[in-house]
Structures are given as C-alpha cells and as structure tokens.
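Beneath this line is the structure, given in structure tokens, with notes to follow.
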Amino acid sequence: MLRVEGGYAFGVPPLISHVYHLLCHGLPRMQSFYQAESQVTLPAGSQVELSDVVSVTPRAAPHAPREASSWYGSFGARAPRAPPIFTSTGRNGEAVAADRRIRDVQSFKELLRVIQEGLAKFDEGTLVIALCTGAKLVDERSLSSISSHAAWVTLVERVHGAIPCLEPRGLSMAAYACAKLALNKDALLSELADCSVRKAADFSSTDVAKICWAFAKLDFVQEALAFWKEMAQVVLHKVGTARHVELSMIAWAFGTAQQGTSAMYAELGACTLRMLQDLTPQCLANIAVAFARQNLPDRELFEAISRRSRSLVAEFADFDVTNLCWAQARANQVDPDLFEQLATHTVCSRFVKRYSAEMVAQMCWAFAVAKVQHSPLFCELSDFIAKHASVFEVQYVANCAWAYATLGVPEASAWQALARECKGGRLWRYTQDQLSAVCWAFTRIRWQDAELFQDMLQVASQRLAEFDTQSLLNFLSAVVVLREEDWFSVGEDELREDPKEILDSLLDSVMLQLQENQMQPEE
C-alpha cells in the first residue's frame with residue numbers, strides 16, 4: 001500500500017517519491033517562481049528591463065488590512081509569487097487577451113494599432129504593460145513624434161488616471177517607462193510620487209531602485225522632496241535584500257539627485273562591502289560617484305572599491321573608467337596604481353575616440369587632481385581636444401586648461417585649440433572661477449599669445465568684483481607672472497593699450513578687492 005504524508009510517498013524508492021512530490025506540488029510553485037524572477041532582467045547600461053508580467057492583488061474590503069504577500073516554494077526553498085501591479089477584484093478575459101496581444105507586438109506602429117482597437121477594454125494592468133512596451137519599442141529618434149498619436153496620448157492619460165490603483169510594482173514600472181520615454185509630465189510624476197509615499201511600506205528593493213532611478217533620470221527631485229525622504233527610509237531598511245544591479249541603481253539615483261541621509265549611505269556602504277565580489281565595474285563606479293557627490297569619503301569603502309576594481313580592469317567600459325576616476329579624485333581617495341592601470345586600459349581599448357567632450361574634461365580633471373600624468377593617455381586626449389575644442393562648453397575648456405597646466409602637459413596642439421576658445425570675446429561667457437582658472441593656466445605654462453592675454457586682462461579688469469577670494473588669488477598669481485615676463489613683446493604692435501599700465505592697474509585693483517574681501521574664504 002502506498003502511504004502519502006505531506007506530499008511524499010513512502011514505501012517506494014526515494015527518486016519516485018521525489019518525483020511524486022514534484023508532480024503534486026512543485027510544478028505550480030515553480031511556475032510562480034518563474035513569474036517572480038521574470039519581473040526584472042539584467043540591466044542595459046544602468047537600467048533594469050521592464051516587466052511584462054501582470055499580477056493583481058484582490059481589492060480589500062473597506063477598512064480591511066492590505067493583503068500580505070504570499071510565499072510559495074518547493075523542497076524547502078520558498079520563492080515569492082509575482083508582485084502585483086495593481087489592486088483588482090479580478091481580471092476579465094478581454095484584458096488578459098489584450099496583455100497577450102501587447103506582448104506579441106514587434107513594433108511601435110503595431111502597438112498603436114492594438115491600443116486603438118482595444119484601449120476601452122484595458123484594465124489598469126494592461127495600461128501599464130502597454131506603456132512599458134512602448135518604452136521598449138520606441139528609439140530616441142522617434143521619441144519626439146509619439147505625442148502626435150491620439151491613441152498614445154489617450155493611453156498616457158488613462159495611465160495617469162489609474163495611478164491610485166497601482167501597487168508599488170506598477171508604480172515603479174510606470175515611472176521607469178516614463179523615464180525611458182522622456183515623459184516628463186509634472187502632474188503624472190507628482191501623482192506617482194504621492195502614491196509611492198502612501199504605499200512606501202510595501203516597496204521592495206526592486207521597486208525603489210526602479211522608481212528612484214526614473215525620477216533621478218527625469219530630474220524630478222525638488223518637486224518631490226517628500227518622496228525622496230520616504231524612499232531613503234525604504235532603502236535604509238530594505239537595501240539589504242537588493243541584488244547588485246539594484247544596489248547600483250539606488251546609489252546612482254540618490255547620488256544624482258543628491259538626496260538621502262547619512263544613515264542610508266552608511267547602509268549602502270555596508271551592503272557594498274558585503275556584496276563586493278559580485279559587483280561589476282559599473283556598480284563600483286556608480287557607488288563611488290554617489291559617495292563622492294555627497295562628500296562622503298568613506299576610506300574603507302573606497303579602498304575596497306579599488307581592490308575589486310584592480311581585479312576587473314579589463315572589464316571596464318569607457319564610462320566606468322571616467323566615472324570611477326572622477327569619483328576618487330572628488331572624494332580625495334585616489335589610488336595612483338589603479339589610475340595607471342585604467343589609463344593603460346583606456347589607451348589599449350581606444351576609448352578616447354568615442355568619448356564625449358564632458359568625458360574628456362572629467363578625465364583631464366581627475367588625473368590632474370590625482371597627479372598622474374600618463375603620457376600615452378594625454379597624447380590621445382590632446383588629439384581629441386585639438387580636433388573638437390570648438391564644441392566644448394566653457395567649463396570643459398577651463399577644466400582642461402587647468403588640468404594641463406597642473407600636470408605640465410606640453411602638447412602644443414591642445415593648448416592652441418584651447419587658446420582659440422578663449423579669444424574673440426568668448427571670455428565674457430566664463431564664470432569668475434573659470435576665468436581665473438584659464439588665466440592661471442596659460443600664464444603658468446608661459447604661453448605666448450598677446451591677443452589672448454589682452455582679452456584676459458580686459459575682461460578680468462571689469463569683473464573683479466565678481467571674484468571670490470580664491471579666484472582673486474589665482475588671478476593675482478597670473479598677473480604677477482605676466483608682470484615679470486616679457487609677454488607683451490609678442491605682437492606688441494597689435495595691442496590696443498599699454499600692457500604695463502594694464503598690469504599695474506590690475507595689481508592695484510586686485511589688492512584692493514582682496515582687502516575688501518578681508519582675505520577670508522567665502523561660504
């Protein structure tokens with residue numbers, strides 16, 4: 001006689017008993033496990049893919065407590081069922097059929113057709129799935145045109161109206177889709193933020209990672225300070241359950257938004273140390289940047305990040321290199337050996353050829369702060385500057401000039417390109433610290449260009465009142481060098497005024513301004 005207890009068959013070989021238990025209990029539970037695990041896939045860049053699995057929570061009776069999450073599993077390991085997207089009394093067959101049609105579409109045009117034909121039958125879950133599917137199918141080139149489609153506009157409006165019914169998973173999915181679609185509608189985002197505050201206790205680490213990443217990407221920060229304050233508490237208590245991808249997204253989001261409490265960052269740091277061997281270069285860079293932006297130079301954390309990074313140098317992408325170098329320099333936690341290795345990796349991988357102007361400026365600034373002059377790297381950076389300085393923002397010109405002067409990089413082609421971007425009235429666009437930086441840089445390397453120095457002195461002489469004490473000191477050192485050097489003999493015939501008189505007048509003006517500032521650093 002076959003005896004069954006607790007789903008196991010006794011009196012038969014163990015393997016048969018095991019299979020019997022699996023057939024009775026394991027398969028449905030493994031299906032639930034698959035749904036839960038399919039909610040989030042590995043990221044592309046710093047992003048997590050959107051879920052297309054709809055799960056619902058039954059509407060609770062009035063004043064009844066919210067339904068607790070159910071957990072299922074087999075053979076001792078218990079896996080969560082798919083988190084609900086929205087609260088519902090039950091889904092109708094038409095909505096479920098619409099879900100299937102949406103999952104099968106291959107283009108945005110096809111998605112629009114499905115929306116036009118069935119939007120009236122969509123429930124809250126289908127609305128979120130349609131929005132998320134649109135975010136997957138639309139590329140950057142066509143983002144600006146999607147608002148011209150009436151069906152899409154109506155869908156977004158319906159999603160907005162459905163927000164109060166969404167659960168944390170649905171809220172985070174909708175917010176993430178908005179970020180991917182560059183859908184920066186204040187009313188919609190504000191509703192998402194308000195509902196998230198009310199339901200914060202039910203957010204998982206996945207949910208908080210996705211929604212915070214989305215709000216940071218959309219620069220929705222000052223309008224939702226209550227949201228960020230509440231999410232910081234969620235992170236504090238739940239980041240310990242995060243996967244490394246979610247840890248990276250959370251760090252990037254709060255660092256970019258410059259939000260979060262010291263306790264939250266302490267917990268982020270502790271989780272980083274525990275998960276260190278699982279962290280990728282992008283995760284390491286994102287976490288380092290977050291702590292650097294918040295002026296939290298945690299030595300133990302940065303040393304651990306450096307150790308892990310040295311073992312992964314070959315896996316670093318271009319943006320991982322620039323971000324980590326910038327973060328270490330900003331936090332004054334520089335690892336010179338790591339800088340050398342990353343510089344060599346950058347040159348061997350030919351990263352500089354696909355850098356943006358901002359990345360070039362970041363690398364120049366970081367290596368100057370670190371006092372690491374890697375000749376092959378700066379040779380490639382100089383080639384980039386010589387070719388593309390004309391499209392640099394003034395901040396990038398100032399950063400590069402300051403960095404090259406600090407390290408004494410003698411690449412004439414780069415200096416000539418930077419000098420061109422400082423002449424012809426362009427210096428009027430520079431802030432006082434940028435102006436003092438380029439003045440200091442060109443005088444430090446004894447650059448010979450009378451037109452450039454004439455422009456510098458003329459602009460600075462009329463803007464001294466804008467300078468803080470540090471900028472005045474930098475500019476004073478530049479004026480002293482110019483006064484000592486015979487710089488004005490180069491192109492003296494082209495000068496509009498007597499350079500000696502300009503310098504003497506500027507020296508007096510700078511000293512008077514310093515006295516007015518009482519030689520005290522400004523706040």
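Following the order of the structure tokens, chains are lettered A, B, ..., residues in each are numbered from 1, and ligands are numbered from 1.
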Review point. Can you list, as a PyMOL selection string, every residue of segment 125-210 of chain A that DSSP puts in helix (DSSP H, G or I)?
Key: chain A and resi 125-137+140-148+150-165+168-180+186-198+200-202+205-210
Practice item. Do a neighbour search on segment 164-172 of chain A at 8 Å with only C-alpha atoms, toss out local chain neighbours closer than 4 positions, and write the hits as a PyMOL selection string. Key: chain A and resi 83-88+124-125+128+176+192+195-196+199-200+202-204+207-208+210-211
Please produce a file of those selected residues containing N, CA and C atoms, as a PDB file, in the first residue's frame.
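Writing done, so here's selection-v4.pdb:
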```pdb
ATOM      1  N   PRO A  83       5.017  39.998  -7.793  1.00  0.00           N
ATOM      2  CA  PRO A  83       4.398  41.132  -7.088  1.00  0.00           C
ATOM      3  C   PRO A  83       3.265  41.720  -7.916  1.00  0.00           C
ATOM      4  N   PRO A  84       2.212  42.163  -7.270  1.00  0.00           N
ATOM      5  CA  PRO A  84       1.060  42.696  -8.011  1.00  0.00           C
ATOM      6  C   PRO A  84       1.360  44.052  -8.637  1.00  0.00           C
ATOM      7  N   ILE A  85       0.798  44.274  -9.814  1.00  0.00           N
ATOM      8  CA  ILE A  85       0.916  45.567 -10.477  1.00  0.00           C
ATOM      9  C   ILE A  85      -0.176  46.507  -9.995  1.00  0.00           C
ATOM     10  N   PHE A  86      -1.371  45.979  -9.765  1.00  0.00           N
ATOM     11  CA  PHE A  86      -2.469  46.838  -9.328  1.00  0.00           C
ATOM     12  C   PHE A  86      -3.450  46.057  -8.483  1.00  0.00           C
ATOM     13  N   THR A  87      -4.308  46.797  -7.797  1.00  0.00           N
ATOM     14  CA  THR A  87      -5.329  46.203  -6.949  1.00  0.00           C
ATOM     15  C   THR A  87      -6.599  46.005  -7.768  1.00  0.00           C
ATOM     16  N   SER A  88      -7.179  44.792  -7.680  1.00  0.00           N
ATOM     17  CA  SER A  88      -8.326  44.493  -8.541  1.00  0.00           C
ATOM     18  C   SER A  88      -9.232  43.472  -7.875  1.00  0.00           C
ATOM     19  N   GLU A 124      -6.222  48.343 -15.483  1.00  0.00           N
ATOM     20  CA  GLU A 124      -5.043  49.078 -15.021  1.00  0.00           C
ATOM     21  C   GLU A 124      -3.735  48.347 -15.360  1.00  0.00           C
ATOM     22  N   GLY A 125      -3.759  47.022 -15.231  1.00  0.00           N
ATOM     23  CA  GLY A 125      -2.553  46.259 -15.537  1.00  0.00           C
ATOM     24  C   GLY A 125      -2.184  46.339 -17.003  1.00  0.00           C
ATOM     25  N   VAL A 128      -0.518  49.681 -17.880  1.00  0.00           N
ATOM     26  CA  VAL A 128       0.894  49.750 -17.512  1.00  0.00           C
ATOM     27  C   VAL A 128       1.749  48.937 -18.486  1.00  0.00           C
ATOM     28  N   TYR A 176       9.407  54.048 -14.463  1.00  0.00           N
ATOM     29  CA  TYR A 176      10.559  53.650 -15.278  1.00  0.00           C
ATOM     30  C   TYR A 176      10.255  53.852 -16.760  1.00  0.00           C
ATOM     31  N   LEU A 192       2.449  59.898  -9.186  1.00  0.00           N
ATOM     32  CA  LEU A 192       3.258  58.705  -8.896  1.00  0.00           C
ATOM     33  C   LEU A 192       4.000  58.871  -7.572  1.00  0.00           C
ATOM     34  N   CYS A 195       1.482  58.725  -4.511  1.00  0.00           N
ATOM     35  CA  CYS A 195       1.017  57.351  -4.251  1.00  0.00           C
ATOM     36  C   CYS A 195       2.143  56.496  -3.682  1.00  0.00           C
ATOM     37  N   SER A 196       3.358  56.739  -4.140  1.00  0.00           N
ATOM     38  CA  SER A 196       4.506  55.971  -3.641  1.00  0.00           C
ATOM     39  C   SER A 196       4.771  56.275  -2.177  1.00  0.00           C
ATOM     40  N   LYS A 199       2.276  54.319  -0.127  1.00  0.00           N
ATOM     41  CA  LYS A 199       2.456  52.866  -0.157  1.00  0.00           C
ATOM     42  C   LYS A 199       3.909  52.446   0.064  1.00  0.00           C
ATOM     43  N   ALA A 200       4.713  53.355   0.610  1.00  0.00           N
ATOM     44  CA  ALA A 200       6.158  53.120   0.733  1.00  0.00           C
ATOM     45  C   ALA A 200       6.479  51.846   1.502  1.00  0.00           C
ATOM     46  N   ASP A 202       5.252  49.050   1.384  1.00  0.00           N
ATOM     47  CA  ASP A 202       5.146  47.828   0.581  1.00  0.00           C
ATOM     48  C   ASP A 202       6.173  47.771  -0.558  1.00  0.00           C
ATOM     49  N   PHE A 203       7.033  48.778  -0.662  1.00  0.00           N
ATOM     50  CA  PHE A 203       8.040  48.781  -1.724  1.00  0.00           C
ATOM     51  C   PHE A 203       9.122  47.747  -1.441  1.00  0.00           C
ATOM     52  N   SER A 204       9.518  47.032  -2.490  1.00  0.00           N
ATOM     53  CA  SER A 204      10.671  46.129  -2.401  1.00  0.00           C
ATOM     54  C   SER A 204      11.914  46.875  -2.869  1.00  0.00           C
ATOM     55  N   ASP A 207      11.514  47.686  -6.515  1.00  0.00           N
ATOM     56  CA  ASP A 207      10.623  48.809  -6.781  1.00  0.00           C
ATOM     57  C   ASP A 207      11.301  50.144  -6.506  1.00  0.00           C
ATOM     58  N   VAL A 208      11.970  50.251  -5.362  1.00  0.00           N
ATOM     59  CA  VAL A 208      12.597  51.519  -5.015  1.00  0.00           C
ATOM     60  C   VAL A 208      13.744  51.836  -5.964  1.00  0.00           C
ATOM     61  N   LYS A 210      13.956  51.017  -9.195  1.00  0.00           N
ATOM     62  CA  LYS A 210      13.421  51.438 -10.493  1.00  0.00           C
ATOM     63  C   LYS A 210      12.800  52.826 -10.439  1.00  0.00           C
ATOM     64  N   ILE A 211      12.004  53.102  -9.420  1.00  0.00           N
ATOM     65  CA  ILE A 211      11.310  54.383  -9.396  1.00  0.00           C
ATOM     66  C   ILE A 211      12.268  55.524  -9.070  1.00  0.00           C
TER      67      ILE A 211
END
```
Using only C-alpha atoms, find each residue in segment 178-277 of chain A having at least one atom no more than 12 Å away from segment 145-150 of chain A; report its shortest atom-to-atom pair and that distance in Å (one decimal), rows by chain then rising number, as a tab-separated table.
```
residue	atom	partner	partner_atom	distance
A:Leu181	CA	A:Ile146	CA	9.3
A:Ala182	CA	A:Ile146	CA	11.0
A:Leu183	CA	A:Ser147	CA	9.7
```
Point to revise | Gap from atom CA of Cys364 of chain A to atom CA of Arg444 of chain A - Å, one decimal | key: 16.8 Å
Check your understanding: What lies within 12 Å of segment 512-517 of chain A using only C-alpha atoms, ignoring chain neighbours under 2 positions off, as a ChimeraX atom specification?
Key -> /A:461,463-476,505-510,519-523
Point to revise | Spatial neighbours of Trp152 of chain A, 10 Å, only C-alpha atoms, chain gap at least 3 places, as a list in words | key: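 Skipping anything fewer than 3 positions along the chain leaves Leu111, Leu112, Ile115, Gln116, Leu119, Ala130, Leu131, Gly134, Ile146, Ser147, Ser148, His149, Leu155, Val156, Glu157 and Arg158 of chain A.
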Please, could you write that set of residues out with C-alpha atoms as a short mmCIF file (atom, residue, chain, number, x, y, z; two decimals), in the first residue's frame?
```cif
data_model
loop_
_atom_site.label_atom_id
_atom_site.label_comp_id
_atom_site.auth_asym_id
_atom_site.auth_seq_id
_atom_site.Cartn_x
_atom_site.Cartn_y
_atom_site.Cartn_z
CA LEU A 111 1.42 48.57 -30.62
CA LEU A 112 -0.54 51.68 -31.61
CA ILE A 115 -4.13 50.30 -28.44
CA GLN A 116 -6.57 51.85 -30.92
CA LEU A 119 -8.00 50.59 -25.28
CA ALA A 130 1.18 48.97 -22.87
CA LEU A 131 3.14 51.95 -21.56
CA GLY A 134 6.04 51.41 -25.79
CA ILE A 146 4.95 59.74 -30.34
CA SER A 147 2.89 62.52 -28.75
CA SER A 148 1.32 63.18 -32.17
CA HIS A 149 -0.57 59.87 -31.99
CA LEU A 155 -3.17 55.82 -23.17
CA VAL A 156 -0.92 58.12 -21.13
CA GLU A 157 -4.00 59.93 -19.79
CA ARG A 158 -5.58 56.59 -18.81
#
```
Point to revise | Surrounding residues of Ser311 of chain A excluding itself and chain neighbours under 5 positions, 12 Å, only C-alpha atoms, as number ranges by chain | key: A: 276-277, 279-281, 304-306, 316, 338, 341-342
Check your understanding: Expressed in Å to a single decimal, how great is the separation between atom CA of Glu140 of chain A and atom CA of Val289 of chain A?
Key ->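 Separation of atom CA of Glu140 of chain A and atom CA of Val289 of chain A: 26.1 Å.
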